[in-house]
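Structure data (compact mmCIF, C-alpha atoms) from final39.txt:
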```txt
# COMPACT_ATOMS: atom_id res chain seq x y z
CA MET A 1 -7.78 -27.72 3.92
CA ASN A 2 -10.53 -29.12 1.69
CA GLU A 3 -12.68 -26.10 2.54
CA LEU A 4 -9.87 -23.72 1.54
CA ALA A 5 -9.26 -25.61 -1.71
CA ALA A 6 -12.96 -25.42 -2.56
CA TYR A 7 -13.01 -21.71 -1.74
CA LEU A 8 -10.05 -21.06 -4.04
CA ARG A 9 -11.57 -23.12 -6.86
CA GLU A 10 -14.88 -21.29 -6.66
CA ASN A 11 -13.33 -17.82 -6.51
CA VAL A 12 -10.01 -18.19 -8.33
CA ARG A 13 -11.07 -15.88 -11.17
CA TRP A 14 -11.79 -12.88 -8.91
CA LEU A 15 -9.02 -13.52 -6.41
CA SER A 16 -6.48 -13.80 -9.24
CA ALA A 17 -7.63 -10.45 -10.60
CA GLY A 18 -6.93 -8.93 -7.19
CA VAL A 19 -3.45 -10.48 -7.07
CA LEU A 20 -2.72 -9.26 -10.60
CA LEU A 21 -3.66 -5.67 -9.76
CA THR A 22 -1.71 -5.54 -6.53
CA TYR A 23 1.34 -7.10 -8.21
CA LEU A 24 1.32 -4.60 -11.07
CA SER A 25 0.97 -1.77 -8.55
CA SER A 26 4.65 -2.46 -7.81
CA PHE A 27 5.76 -0.19 -10.66
CA GLY A 28 4.31 2.78 -8.78
CA GLN A 29 5.39 1.66 -5.31
CA THR A 30 8.26 3.34 -3.51
CA PHE A 31 10.28 0.16 -2.98
CA PHE A 32 10.46 -0.19 -6.78
CA ILE A 33 11.05 3.43 -7.77
CA ALA A 34 13.70 3.76 -5.05
CA LEU A 35 15.82 1.12 -6.78
CA PHE A 36 16.51 3.75 -9.44
CA ALA A 37 17.21 6.54 -6.92
CA ALA A 38 20.96 6.74 -7.54
CA ASP A 39 20.49 6.76 -11.32
CA ILE A 40 17.75 9.39 -11.19
CA GLN A 41 19.74 11.61 -8.80
CA SER A 42 22.78 11.30 -11.07
CA ALA A 43 20.80 11.97 -14.27
CA PHE A 44 19.15 15.10 -12.86
CA ASN A 45 21.93 16.18 -10.45
CA LEU A 46 19.72 15.94 -7.36
CA SER A 47 20.69 15.71 -3.68
CA HIS A 48 18.85 13.43 -1.24
CA GLY A 49 16.68 16.38 -0.24
CA GLY A 50 16.11 17.47 -3.85
CA TRP A 51 15.08 14.00 -4.96
CA GLY A 52 12.93 13.57 -1.86
CA SER A 53 11.25 16.92 -2.51
CA MET A 54 10.50 16.00 -6.13
CA TYR A 55 9.02 12.73 -4.93
CA THR A 56 6.95 14.50 -2.29
CA VAL A 57 5.49 17.00 -4.78
CA GLY A 58 4.47 14.30 -7.27
CA THR A 59 3.10 11.98 -4.61
CA THR A 60 1.17 14.73 -2.82
CA ALA A 61 -0.49 15.71 -6.09
CA SER A 62 -1.47 12.08 -6.66
CA ALA A 63 -2.99 11.95 -3.15
CA ILE A 64 -5.18 14.95 -3.96
CA VAL A 65 -6.38 13.45 -7.24
CA MET A 66 -7.04 10.08 -5.55
CA VAL A 67 -9.97 11.62 -3.66
CA TRP A 68 -11.73 12.00 -7.01
CA ALA A 69 -10.20 9.09 -8.91
CA GLY A 70 -10.86 6.54 -6.18
CA ARG A 71 -14.56 7.31 -6.21
CA GLN A 72 -14.74 5.89 -9.74
CA ALA A 73 -14.64 2.42 -8.16
CA ASP A 74 -18.27 3.04 -7.14
CA ILE A 75 -19.20 3.80 -10.75
CA PHE A 76 -17.15 1.61 -13.13
CA ARG A 77 -16.71 -2.13 -13.24
CA VAL A 78 -13.31 -3.39 -12.12
CA ARG A 79 -12.51 -4.76 -15.58
CA THR A 80 -13.07 -1.31 -17.12
CA LEU A 81 -11.41 0.84 -14.49
CA GLY A 82 -8.58 -1.64 -14.01
CA ALA A 83 -7.80 -1.83 -17.72
CA MET A 84 -7.83 1.96 -18.06
CA SER A 85 -5.52 2.32 -15.08
CA LEU A 86 -3.10 -0.28 -16.45
CA VAL A 87 -2.82 1.58 -19.76
CA ALA A 88 -2.17 4.80 -17.84
CA LEU A 89 0.45 3.02 -15.70
CA ALA A 90 2.23 1.79 -18.84
CA MET A 91 2.32 5.35 -20.19
CA ALA A 92 3.78 6.56 -16.88
CA CYS A 93 6.53 3.92 -17.09
CA LEU A 94 7.38 5.09 -20.61
CA ALA A 95 7.48 8.68 -19.38
CA MET A 96 10.06 7.70 -16.75
CA ALA A 97 12.09 5.92 -19.44
CA PHE A 98 12.17 8.82 -21.90
CA ASN A 99 11.88 11.98 -19.77
CA PRO A 100 14.95 14.24 -20.23
CA TRP A 101 13.74 17.28 -18.25
CA LEU A 102 14.02 17.96 -14.53
CA TRP A 103 10.85 20.08 -14.47
CA LEU A 104 8.83 17.14 -15.79
CA LEU A 105 10.08 14.68 -13.16
CA PRO A 106 7.40 15.53 -10.53
CA PHE A 107 4.71 14.93 -13.17
CA VAL A 108 6.20 11.52 -13.98
CA ILE A 109 6.27 10.64 -10.27
CA PHE A 110 2.67 11.85 -10.00
CA ALA A 111 1.58 9.55 -12.82
CA LEU A 112 3.41 6.51 -11.45
CA ARG A 113 2.11 7.02 -7.92
CA LEU A 114 -1.50 7.72 -8.95
CA THR A 115 -1.84 4.81 -11.37
CA GLY A 116 0.40 2.34 -9.55
CA GLN A 117 0.33 2.78 -5.80
CA GLY A 118 -2.98 4.63 -5.85
CA MET A 119 -5.44 3.13 -8.32
CA MET A 120 -4.12 -0.43 -8.69
CA SER A 121 -4.14 -0.95 -4.92
CA HIS A 122 -7.45 0.86 -4.46
CA ILE A 123 -9.34 -1.03 -7.15
CA ALA A 124 -8.15 -4.39 -5.84
CA SER A 125 -9.02 -3.77 -2.20
CA VAL A 126 -12.42 -2.18 -2.93
CA ALA A 127 -13.33 -5.11 -5.17
CA MET A 128 -12.36 -7.73 -2.58
CA ALA A 129 -14.09 -5.91 0.29
CA ARG A 130 -17.27 -5.50 -1.74
CA TRP A 131 -17.41 -8.86 -3.48
CA PHE A 132 -16.72 -10.94 -0.36
CA VAL A 133 -18.52 -10.49 2.97
CA ALA A 134 -18.26 -13.57 5.19
CA THR A 135 -14.74 -14.24 3.85
CA ARG A 136 -13.68 -10.63 3.41
CA GLY A 137 -10.50 -10.95 5.46
CA ARG A 138 -9.42 -14.06 3.59
CA ALA A 139 -10.09 -12.47 0.19
CA LEU A 140 -8.20 -9.30 1.06
CA SER A 141 -5.21 -11.26 2.35
CA ILE A 142 -5.08 -13.41 -0.79
CA ALA A 143 -5.37 -10.40 -3.12
CA ALA A 144 -2.62 -8.62 -1.18
CA LEU A 145 -0.22 -11.44 -2.06
CA GLY A 146 0.51 -9.48 -5.22
CA PHE A 147 2.19 -6.77 -3.15
CA SER A 148 4.37 -9.35 -1.45
CA ILE A 149 5.29 -11.17 -4.64
CA GLY A 150 6.36 -7.90 -6.23
CA GLN A 151 8.34 -6.78 -3.20
CA ALA A 152 10.08 -10.14 -2.88
CA PHE A 153 11.25 -10.68 -6.43
CA LEU A 154 11.24 -7.41 -8.38
CA PRO A 155 14.06 -5.70 -6.44
CA ILE A 156 16.40 -8.65 -6.94
CA ALA A 157 15.41 -8.88 -10.61
CA VAL A 158 15.95 -5.16 -11.17
CA VAL A 159 19.33 -5.10 -9.40
CA ALA A 160 20.41 -8.04 -11.58
CA LEU A 161 19.09 -6.42 -14.77
CA MET A 162 20.94 -3.21 -13.97
CA THR A 163 24.21 -5.08 -14.54
CA LEU A 164 23.05 -5.89 -18.08
CA LEU A 165 20.72 -3.08 -19.17
CA ASP A 166 20.49 0.69 -18.94
CA TRP A 167 17.92 1.73 -16.32
CA HIS A 168 15.80 3.46 -18.97
CA VAL A 169 15.34 0.14 -20.78
CA ILE A 170 14.07 -1.50 -17.59
CA TRP A 171 11.27 1.06 -17.40
CA ILE A 172 10.30 0.25 -21.00
CA LEU A 173 10.05 -3.42 -20.00
CA CYS A 174 7.80 -2.39 -17.10
CA ALA A 175 5.48 -0.60 -19.52
CA GLY A 176 5.23 -3.75 -21.62
CA ILE A 177 4.39 -5.87 -18.56
CA ALA A 178 1.68 -3.41 -17.49
CA LEU A 179 0.10 -3.56 -20.96
CA LEU A 180 0.27 -7.35 -20.89
CA GLY A 181 -1.83 -7.19 -17.74
CA VAL A 182 -4.79 -5.69 -19.65
CA PRO A 183 -5.86 -8.79 -21.63
CA ILE A 184 -5.17 -11.00 -18.60
CA LEU A 185 -7.44 -8.84 -16.42
CA LEU A 186 -10.18 -8.76 -19.05
CA THR A 187 -10.03 -12.55 -19.36
CA LEU A 188 -10.18 -13.11 -15.60
CA LEU A 189 -13.14 -10.75 -15.24
CA ALA A 190 -15.08 -11.87 -18.28
CA LYS A 191 -17.67 -13.04 -15.73
CA GLU A 192 -17.17 -10.17 -13.33
CA ARG A 193 -19.43 -9.73 -10.36
CA THR A 194 -21.44 -6.50 -10.38
CA PRO A 195 -20.27 -4.19 -7.56
CA ALA A 196 -23.47 -2.15 -7.38
CA SER A 197 -25.78 -5.15 -7.11
CA MET A 198 -23.49 -6.85 -4.63
CA ALA A 199 -23.41 -3.76 -2.42
CA GLN A 200 -27.20 -3.55 -2.42
CA SER A 201 -27.83 -7.22 -1.72
CA ASN A 202 -25.17 -8.33 0.74
CA ASP A 203 -26.47 -6.34 3.74
CA SER A 204 -22.91 -5.48 4.79
CA LEU A 205 -23.77 -2.50 6.96
CA GLY A 206 -21.56 -0.28 9.09
CA MET A 207 -21.98 1.44 12.43
CA ARG A 208 -25.57 2.11 13.56
CA GLY A 209 -26.71 -0.39 10.90
CA LEU A 210 -26.11 2.10 8.08
CA HIS A 211 -24.17 2.46 4.86
CA TRP A 212 -22.15 5.59 5.67
CA SER A 213 -21.45 8.27 3.08
CA ARG A 214 -18.06 9.90 2.77
CA LYS A 215 -19.43 13.11 4.26
CA ASP A 216 -20.78 11.25 7.28
CA MET A 217 -17.46 9.48 7.79
CA LEU A 218 -15.54 12.76 7.79
CA ARG A 219 -17.84 14.13 10.48
CA HIS A 220 -17.23 11.21 12.84
CA PRO A 221 -14.20 11.26 15.21
CA LEU A 222 -13.23 7.65 14.46
CA PHE A 223 -11.88 8.58 11.05
CA TRP A 224 -9.63 11.30 12.45
CA LEU A 225 -8.33 9.03 15.20
CA MET A 226 -7.45 6.48 12.50
CA VAL A 227 -5.62 8.99 10.29
CA PRO A 228 -2.25 8.67 12.14
CA ALA A 229 -2.49 4.88 11.77
CA ILE A 230 -3.13 5.12 8.02
CA LEU A 231 -0.48 7.78 7.49
CA GLY A 232 2.32 6.31 9.63
CA PRO A 233 3.15 2.97 7.98
CA SER A 234 2.82 4.53 4.56
CA ALA A 235 5.09 7.44 5.48
CA PHE A 236 7.83 5.57 7.28
CA ASN A 237 7.85 2.23 5.46
CA THR A 238 8.04 4.31 2.30
CA ALA A 239 10.87 6.40 3.76
CA PHE A 240 12.75 3.25 4.75
CA PHE A 241 12.56 1.71 1.29
CA PHE A 242 13.02 5.06 -0.46
CA HIS A 243 16.34 5.63 1.33
CA GLN A 244 17.40 1.99 1.25
CA VAL A 245 20.52 2.78 -0.79
CA HIS A 246 21.52 5.57 1.61
CA TYR A 247 20.74 3.46 4.68
CA SER A 248 22.80 0.59 3.26
CA THR A 249 25.75 2.94 2.95
CA VAL A 250 25.28 4.27 6.49
CA ILE A 251 25.31 0.80 8.06
CA GLY A 252 28.07 -0.46 5.76
CA ILE A 253 26.39 -3.05 3.54
CA SER A 254 25.80 -3.23 -0.21
CA THR A 255 22.45 -2.61 -1.92
CA LEU A 256 22.37 -6.27 -2.97
CA GLN A 257 22.80 -7.31 0.67
CA MET A 258 19.92 -5.01 1.59
CA VAL A 259 17.52 -6.36 -1.03
CA SER A 260 18.49 -9.92 -0.09
CA TYR A 261 16.34 -9.42 3.03
CA PHE A 262 13.26 -8.69 0.91
CA PRO A 263 12.26 -12.34 0.29
CA PHE A 264 12.42 -12.96 4.05
CA PHE A 265 10.37 -9.81 4.61
CA THR A 266 7.87 -11.09 2.06
CA VAL A 267 7.52 -14.52 3.63
CA ILE A 268 6.75 -13.02 7.06
CA THR A 269 4.39 -10.49 5.46
CA VAL A 270 2.48 -13.26 3.67
CA VAL A 271 2.22 -15.35 6.84
CA ALA A 272 0.96 -12.31 8.75
CA MET A 273 -1.54 -11.44 6.00
CA ILE A 274 -3.01 -14.92 5.86
CA ALA A 275 -3.17 -15.25 9.64
CA ILE A 276 -4.82 -11.86 10.04
CA GLY A 277 -7.25 -12.62 7.21
CA VAL A 278 -8.46 -15.72 9.06
CA LEU A 279 -8.66 -13.81 12.36
CA VAL A 280 -10.61 -10.95 10.77
CA ASP A 281 -13.23 -13.38 9.45
CA ARG A 282 -13.52 -14.92 12.92
CA PHE A 283 -13.26 -11.93 15.27
CA GLY A 284 -13.74 -8.79 13.13
CA THR A 285 -11.31 -5.87 12.91
CA ALA A 286 -12.15 -4.08 16.18
CA ARG A 287 -10.35 -6.59 18.43
CA LEU A 288 -7.21 -6.67 16.30
CA LEU A 289 -6.63 -3.10 15.16
CA PRO A 290 -5.24 -1.58 18.40
CA PHE A 291 -2.30 -4.02 18.47
CA HIS A 292 -1.20 -4.30 14.85
CA GLN A 293 1.25 -1.37 14.78
CA ILE A 294 3.12 -2.25 17.97
CA PRO A 295 5.68 -4.35 16.01
CA MET A 296 6.65 -1.14 14.16
CA VAL A 297 7.95 0.25 17.43
CA ALA A 298 10.37 -2.68 17.67
CA ALA A 299 11.24 -2.55 13.95
CA PHE A 300 12.41 1.06 13.87
CA ALA A 301 14.12 0.78 17.24
CA ILE A 302 16.17 -2.04 15.72
CA PHE A 303 16.87 -0.11 12.50
CA ALA A 304 18.09 2.78 14.66
CA THR A 305 20.26 0.82 17.08
CA HIS A 306 20.99 -2.56 15.39
CA MET A 307 20.45 -4.13 18.80
CA LEU A 308 19.10 -7.43 17.41
CA GLY A 309 20.26 -7.29 13.80
CA LEU A 310 18.69 -6.11 10.54
CA GLY A 311 16.75 -9.34 10.03
CA TRP A 312 14.72 -8.79 13.20
CA GLY A 313 13.87 -5.29 12.04
CA PHE A 314 12.47 -6.68 8.79
CA PHE A 315 10.63 -9.37 10.76
CA PHE A 316 8.75 -6.91 12.97
CA MET A 317 8.06 -4.49 10.11
CA ALA A 318 6.66 -7.39 8.08
CA LEU A 319 4.22 -8.31 10.87
CA THR A 320 2.60 -4.89 10.68
CA ALA A 321 2.85 -4.70 6.88
CA GLY A 322 0.95 -7.97 6.55
CA ALA A 323 -1.63 -7.07 9.15
CA GLN A 324 -2.13 -3.53 7.82
CA SER A 325 -2.87 -4.61 4.26
CA THR A 326 -5.79 -6.76 5.40
CA LEU A 327 -7.02 -5.07 8.57
CA ILE A 328 -7.33 -1.51 7.30
CA ALA A 329 -9.07 -2.55 4.08
CA ALA A 330 -11.57 -4.67 6.04
CA PHE A 331 -12.03 -1.91 8.63
CA TRP A 332 -13.68 0.52 6.18
CA ALA A 333 -16.27 -2.01 5.06
CA GLU A 334 -16.97 -3.28 8.58
CA PHE A 335 -17.37 0.13 10.24
CA TYR A 336 -18.84 2.17 7.36
CA GLY A 337 -20.66 -0.34 5.12
CA THR A 338 -20.12 -1.07 1.44
CA ALA A 339 -22.54 1.12 -0.53
CA HIS A 340 -20.09 4.02 -0.74
CA LEU A 341 -16.91 2.05 -0.15
CA GLY A 342 -15.09 3.42 -3.20
CA ALA A 343 -15.62 7.03 -2.13
CA ILE A 344 -14.78 6.31 1.51
CA LYS A 345 -11.68 4.31 0.76
CA ALA A 346 -10.57 6.94 -1.76
CA VAL A 347 -10.10 9.35 1.15
CA ALA A 348 -8.18 6.70 3.07
CA ALA A 349 -6.07 5.97 -0.01
CA ALA A 350 -5.37 9.69 -0.36
CA VAL A 351 -4.17 9.82 3.26
CA MET A 352 -2.00 6.78 2.64
CA VAL A 353 -0.50 8.29 -0.52
CA LEU A 354 0.01 11.59 1.30
CA GLY A 355 1.92 9.70 3.97
CA SER A 356 4.12 8.17 1.30
CA ALA A 357 4.77 11.71 0.06
CA ILE A 358 5.65 13.11 3.48
CA GLY A 359 7.98 10.28 4.51
CA PRO A 360 10.66 10.45 1.78
CA GLY A 361 10.59 14.25 1.55
CA LEU A 362 10.86 14.82 5.29
CA THR A 363 13.59 12.26 5.86
CA GLY A 364 15.55 13.47 2.82
CA ILE A 365 15.50 17.07 4.03
CA LEU A 366 16.55 15.98 7.53
CA ILE A 367 19.45 14.00 6.06
CA ASP A 368 20.58 17.11 4.17
CA LEU A 369 20.35 19.06 7.45
CA GLY A 370 22.69 16.60 9.11
CA ILE A 371 20.13 14.61 11.13
CA GLY A 372 21.11 11.01 10.51
CA ILE A 373 18.67 8.40 9.30
CA GLU A 374 19.29 6.27 12.39
CA THR A 375 18.45 9.16 14.71
CA GLN A 376 15.26 9.75 12.76
CA TYR A 377 14.22 6.12 13.20
CA ILE A 378 14.23 6.49 16.99
CA TRP A 379 11.52 9.14 16.67
CA VAL A 380 9.63 6.98 14.19
CA ALA A 381 9.45 4.25 16.85
CA VAL A 382 7.96 6.78 19.27
CA TYR A 383 5.42 7.82 16.62
CA PHE A 384 4.05 4.27 16.44
CA VAL A 385 3.52 4.21 20.19
CA VAL A 386 1.25 7.24 19.67
CA THR A 387 -0.62 5.68 16.72
CA SER A 388 -1.38 2.53 18.70
CA LEU A 389 -2.90 4.65 21.46
CA SER A 390 -4.94 6.63 18.92
CA ILE A 391 -6.34 3.45 17.35
CA TRP A 392 -7.28 2.05 20.75
CA ILE A 393 -9.18 5.22 21.69
CA GLY A 394 -11.06 5.38 18.37
CA VAL A 395 -11.99 1.72 18.07
CA SER A 396 -12.88 1.16 21.72
CA THR A 397 -15.35 4.06 21.65
CA SER A 398 -16.89 3.16 18.25
CA ARG A 399 -17.17 -0.65 18.24
CA LYS A 400 -20.35 -0.54 20.32
CA LEU A 401 -22.06 1.14 17.32
CA LEU A 402 -21.51 -1.89 15.09
CA PRO A 403 -24.61 -3.91 14.09
CA SER A 404 -23.27 -6.90 16.04
CA ALA A 405 -20.70 -7.22 18.80
CA ALA A 406 -17.16 -7.05 17.43
```
So, in terms of structure tokens, how does the structure I just supplied come out?
Amino acid sequence: MNELAAYLRENVRWLSAGVLLTYLSSFGQTFFIALFAADIQSAFNLSHGGWGSMYTVGTTASAIVMVWAGRQADIFRVRTLGAMSLVALAMACLAMAFNPWLWLLPFVIFALRLTGQGMMSHIASVAMARWFVATRGRALSIAALGFSIGQAFLPIAVVALMTLLDWHVIWILCAGIALLGVPILLTLLAKERTPASMAQSNDSLGMRGLHWSRKDMLRHPLFWLMVPAILGPSAFNTAFFFHQVHYSTVIGISTLQMVSYFPFFTVITVVAMIAIGVLVDRFGTARLLPFHQIPMVAAFAIFATHMLGLGWGFFFMALTAGAQSTLIAAFWAEFYGTAHLGAIKAVAAAVMVLGSAIGPGLTGILIDLGIGIETQYIWVAVYFVVTSLSIWIGVSTSRKLLPSAA
């Protein structure tokens, strides 16, 4: 306990910056945008499929741009890139508040997803993975608390505010909060560590004792075996939260009852994140990765059948959500090194964002075609059986290339 307290005291400035960025990413995350789904569909006269398609187009475009934008984390300091991204996020929130045109909606979604889900999350995880080596798992798990804090409290706050304020006004408030984050970030990182010098001096090498380039990574089979594992949680967790209002109606509960599970989901996610962070620092990612998506099989089987109750579904989904946020971020640095981490993780972030584009669009279209959301969740459970097998094959064949046994 004393060791942890000392660690937090020594690193509070940088860890807090990570938490701030991941928290403010909430405004571009699906769980947040989906709270306004009914209002947006009503304002623009969109069906589930139409709204899902709009969301898919904007999110897919942001995934494509992330390949370039994410690489900027290898070039700019976090305080500079983070502040620029926060200003852009605030502008995207204002665009959602004031946009009157249907044709502009995909562009607004694009801006929210790129600046929020994409860049805020990317900058935070690249910074933690690069700045911390021996305690990388712990740093990533602490920084990821911002995701959990946002997911726990913002939905309840927004649902409550919707009884008092027009939904457009709430987006204006979000823009103000994002702008408020700029001076806070600059203050926290007034003594920022230098990513380039850290990458050159910390000797955090990847497979074969090398710092892998993005081109080298794309030529190696491990990356492609990991793609389903990166894509899946993003696609189907996103789909679940995106269609939370519809799913609530299907199973006969109110939206407020649905979001009341979010704090519980957050608590389990945080516990899983912290536990995995400690285990990553002790055992590395290779031993843990093949098992971390198995709880998703149970989660979506429960969402489809209600065999144990909704709370158990959130419990199992939270286990993977917590593990994923730490494990995958640490995986890139451990297996590929840190010199080109921004460029490498930009591709992974693009795959993740692409997954979040596919999930809502695909499920929305299937709903319009008469394939119920519960039926779809059965196949999602099967998908995660396949991803777990894919991870096991990739990691078990590549771990022997690591500089030390993992």
Residues of range 268-365 of chain A that approach range 201-222 of chain A to 8 Å or less, counting only C-alpha atoms: could you list each one with the shortest pair of atoms and its distance in Å to one decimal, rows by chain and increasing residue number, as a tab-separated table?
```
residue	atom	partner	partner_atom	distance
A:Ala333	CA	A:Gly206	CA	6.9
A:Glu334	CA	A:Gly206	CA	5.5
A:Phe335	CA	A:Gly206	CA	4.4
A:Tyr336	CA	A:Gly206	CA	4.0
A:Gly337	CA	A:Gly206	CA	4.1
A:Thr338	CA	A:Ser204	CA	6.2
A:Ala339	CA	A:His211	CA	5.8
A:His340	CA	A:Ser213	CA	5.9
A:Ala343	CA	A:Arg214	CA	6.2
A:Ile344	CA	A:Arg214	CA	5.0
```
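Proximity ranking of A:Val297, A:Leu140, A:Ile371, A:Val182 relative to Leu24 in chain A places A:Val182 first, based on only C-alpha atoms.
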Applying 7 Å and only C-alpha atoms, which residues near range 8-21 of chain A remain after dropping the ones on its own chain fewer than 2 positions away? List them as a PyMOL selection string.
chain A and resi 4-6+23-25+120-121+124+139+142-146+185+188-189
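Of the residues under consideration (A:Ala321, A:Val259, A:Leu102, A:Leu81), A:Val259 shows the shortest atom-to-atom contact distance to Ile156 in chain A when counting all atoms listed in the file.
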Using the file's own x, y and z axes, what box holds all listed atoms of range 103-116 of chain A with 5 Å on each side, keeping edges along x, y and z, and what are its centre and edge lengths in Å to one decimal, as JSON?
```
{"center_x": 4.5, "center_y": 11.2, "center_z": -11.9, "size_x": 22.7, "size_y": 27.7, "size_z": 17.9}
```
re CA of Leu341 in chain A and CA of Val386 in chain A: distance 27.4 Å
My list of candidates is A:Ser388, A:Thr187, A:Asn237, A:Ser141. Which is closest to Ala323 in chain A when distances are computed with all atoms listed in the file?
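Under the stated criterion, the closest residue is A:Ser141.
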Which residue gives the smallest distance to Ser234 in chain A among A:Thr320, A:Ser47, A:Ser26, A:Gln376, with only C-alpha atoms counted?
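For Ser234 in chain A, the nearest of the given residues is A:Thr320.
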Closest of A:Leu180, A:Ala152, A:Leu105, A:Arg282 to Val87 in chain A - atom-to-atom distances counting only C-alpha atoms
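Selected residue with least distance to Val87 in chain A: A:Leu180.
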Determine, counting all atoms listed in the file, which protein, DNA and RNA residues have an atom within 12 Å of an atom of Leu288 in chain A; residues of the same chain fewer than 3 positions away are not included. Present the result as an NGL selection string.
:A and (275-285 or 291-294 or 320 or 323-324 or 326-328 or 330-331 or 388 or 391-392 or 395-396 or 399 or 406)
Atom pair CA of Phe241 in chain A + CA of Gly70 in chain A, distance 25.1 Å
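Distances to Ser356 in chain A were evaluated for A:Arg71, A:Arg113, A:His122, A:Arg77 using only C-alpha atoms, and the minimum falls at A:Arg113.
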State, in Å with one decimal place, the distance from CA of Ile33 in chain A to CA of Val270 in chain A.
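Interatomic distance here is 22.0 Å.
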Please identify every residue of range 17-105 of chain A that has at least one atom no farther than 12 Å from an atom of range 252-255 of chain A, counting all atoms listed in the file, and for each give the shortest atom pair and the distance in Å to one decimal, arranged by chain then increasing number, as a Markdown table.
```
| residue | atom | partner | partner_atom | distance |
| --- | --- | --- | --- | --- |
| A:Ala34 | CA | A:Thr255 | CA | 11.3 |
| A:Leu35 | CA | A:Thr255 | CA | 9.0 |
| A:Phe36 | CA | A:Thr255 | CA | 11.5 |
| A:Ala37 | CA | A:Thr255 | CA | 11.7 |
| A:Ala38 | CA | A:Thr255 | CA | 11.0 |
```
Contacts of range 171-179 of chain A at 7 Å or less, counting only C-alpha atoms, minus same-chain residues fewer than 4 places along, as a count of residues only?
11
For the point (-0.1, 12.7, 1.4) in the file's frame, write as a VMD selection string all residues with an atom no more than 8 Å away, counting all atoms listed in the file.
chain A and resid 59 to 60 63 to 64 231 350 to 358
Go ahead and write the selection's residues with C-alpha atoms as a PDB file, keeping the file's coordinate frame.
```
ATOM      1  CA  THR A  59       3.100  11.980  -4.610  1.00  0.00           C
ATOM      2  CA  THR A  60       1.170  14.730  -2.820  1.00  0.00           C
ATOM      3  CA  ALA A  63      -2.990  11.950  -3.150  1.00  0.00           C
ATOM      4  CA  ILE A  64      -5.180  14.950  -3.960  1.00  0.00           C
ATOM      5  CA  LEU A 231      -0.480   7.780   7.490  1.00  0.00           C
ATOM      6  CA  ALA A 350      -5.370   9.690  -0.360  1.00  0.00           C
ATOM      7  CA  VAL A 351      -4.170   9.820   3.260  1.00  0.00           C
ATOM      8  CA  MET A 352      -2.000   6.780   2.640  1.00  0.00           C
ATOM      9  CA  VAL A 353      -0.500   8.290  -0.520  1.00  0.00           C
ATOM     10  CA  LEU A 354       0.010  11.590   1.300  1.00  0.00           C
ATOM     11  CA  GLY A 355       1.920   9.700   3.970  1.00  0.00           C
ATOM     12  CA  SER A 356       4.120   8.170   1.300  1.00  0.00           C
ATOM     13  CA  ALA A 357       4.770  11.710   0.060  1.00  0.00           C
ATOM     14  CA  ILE A 358       5.650  13.110   3.480  1.00  0.00           C
TER      15      ILE A 358
END
```
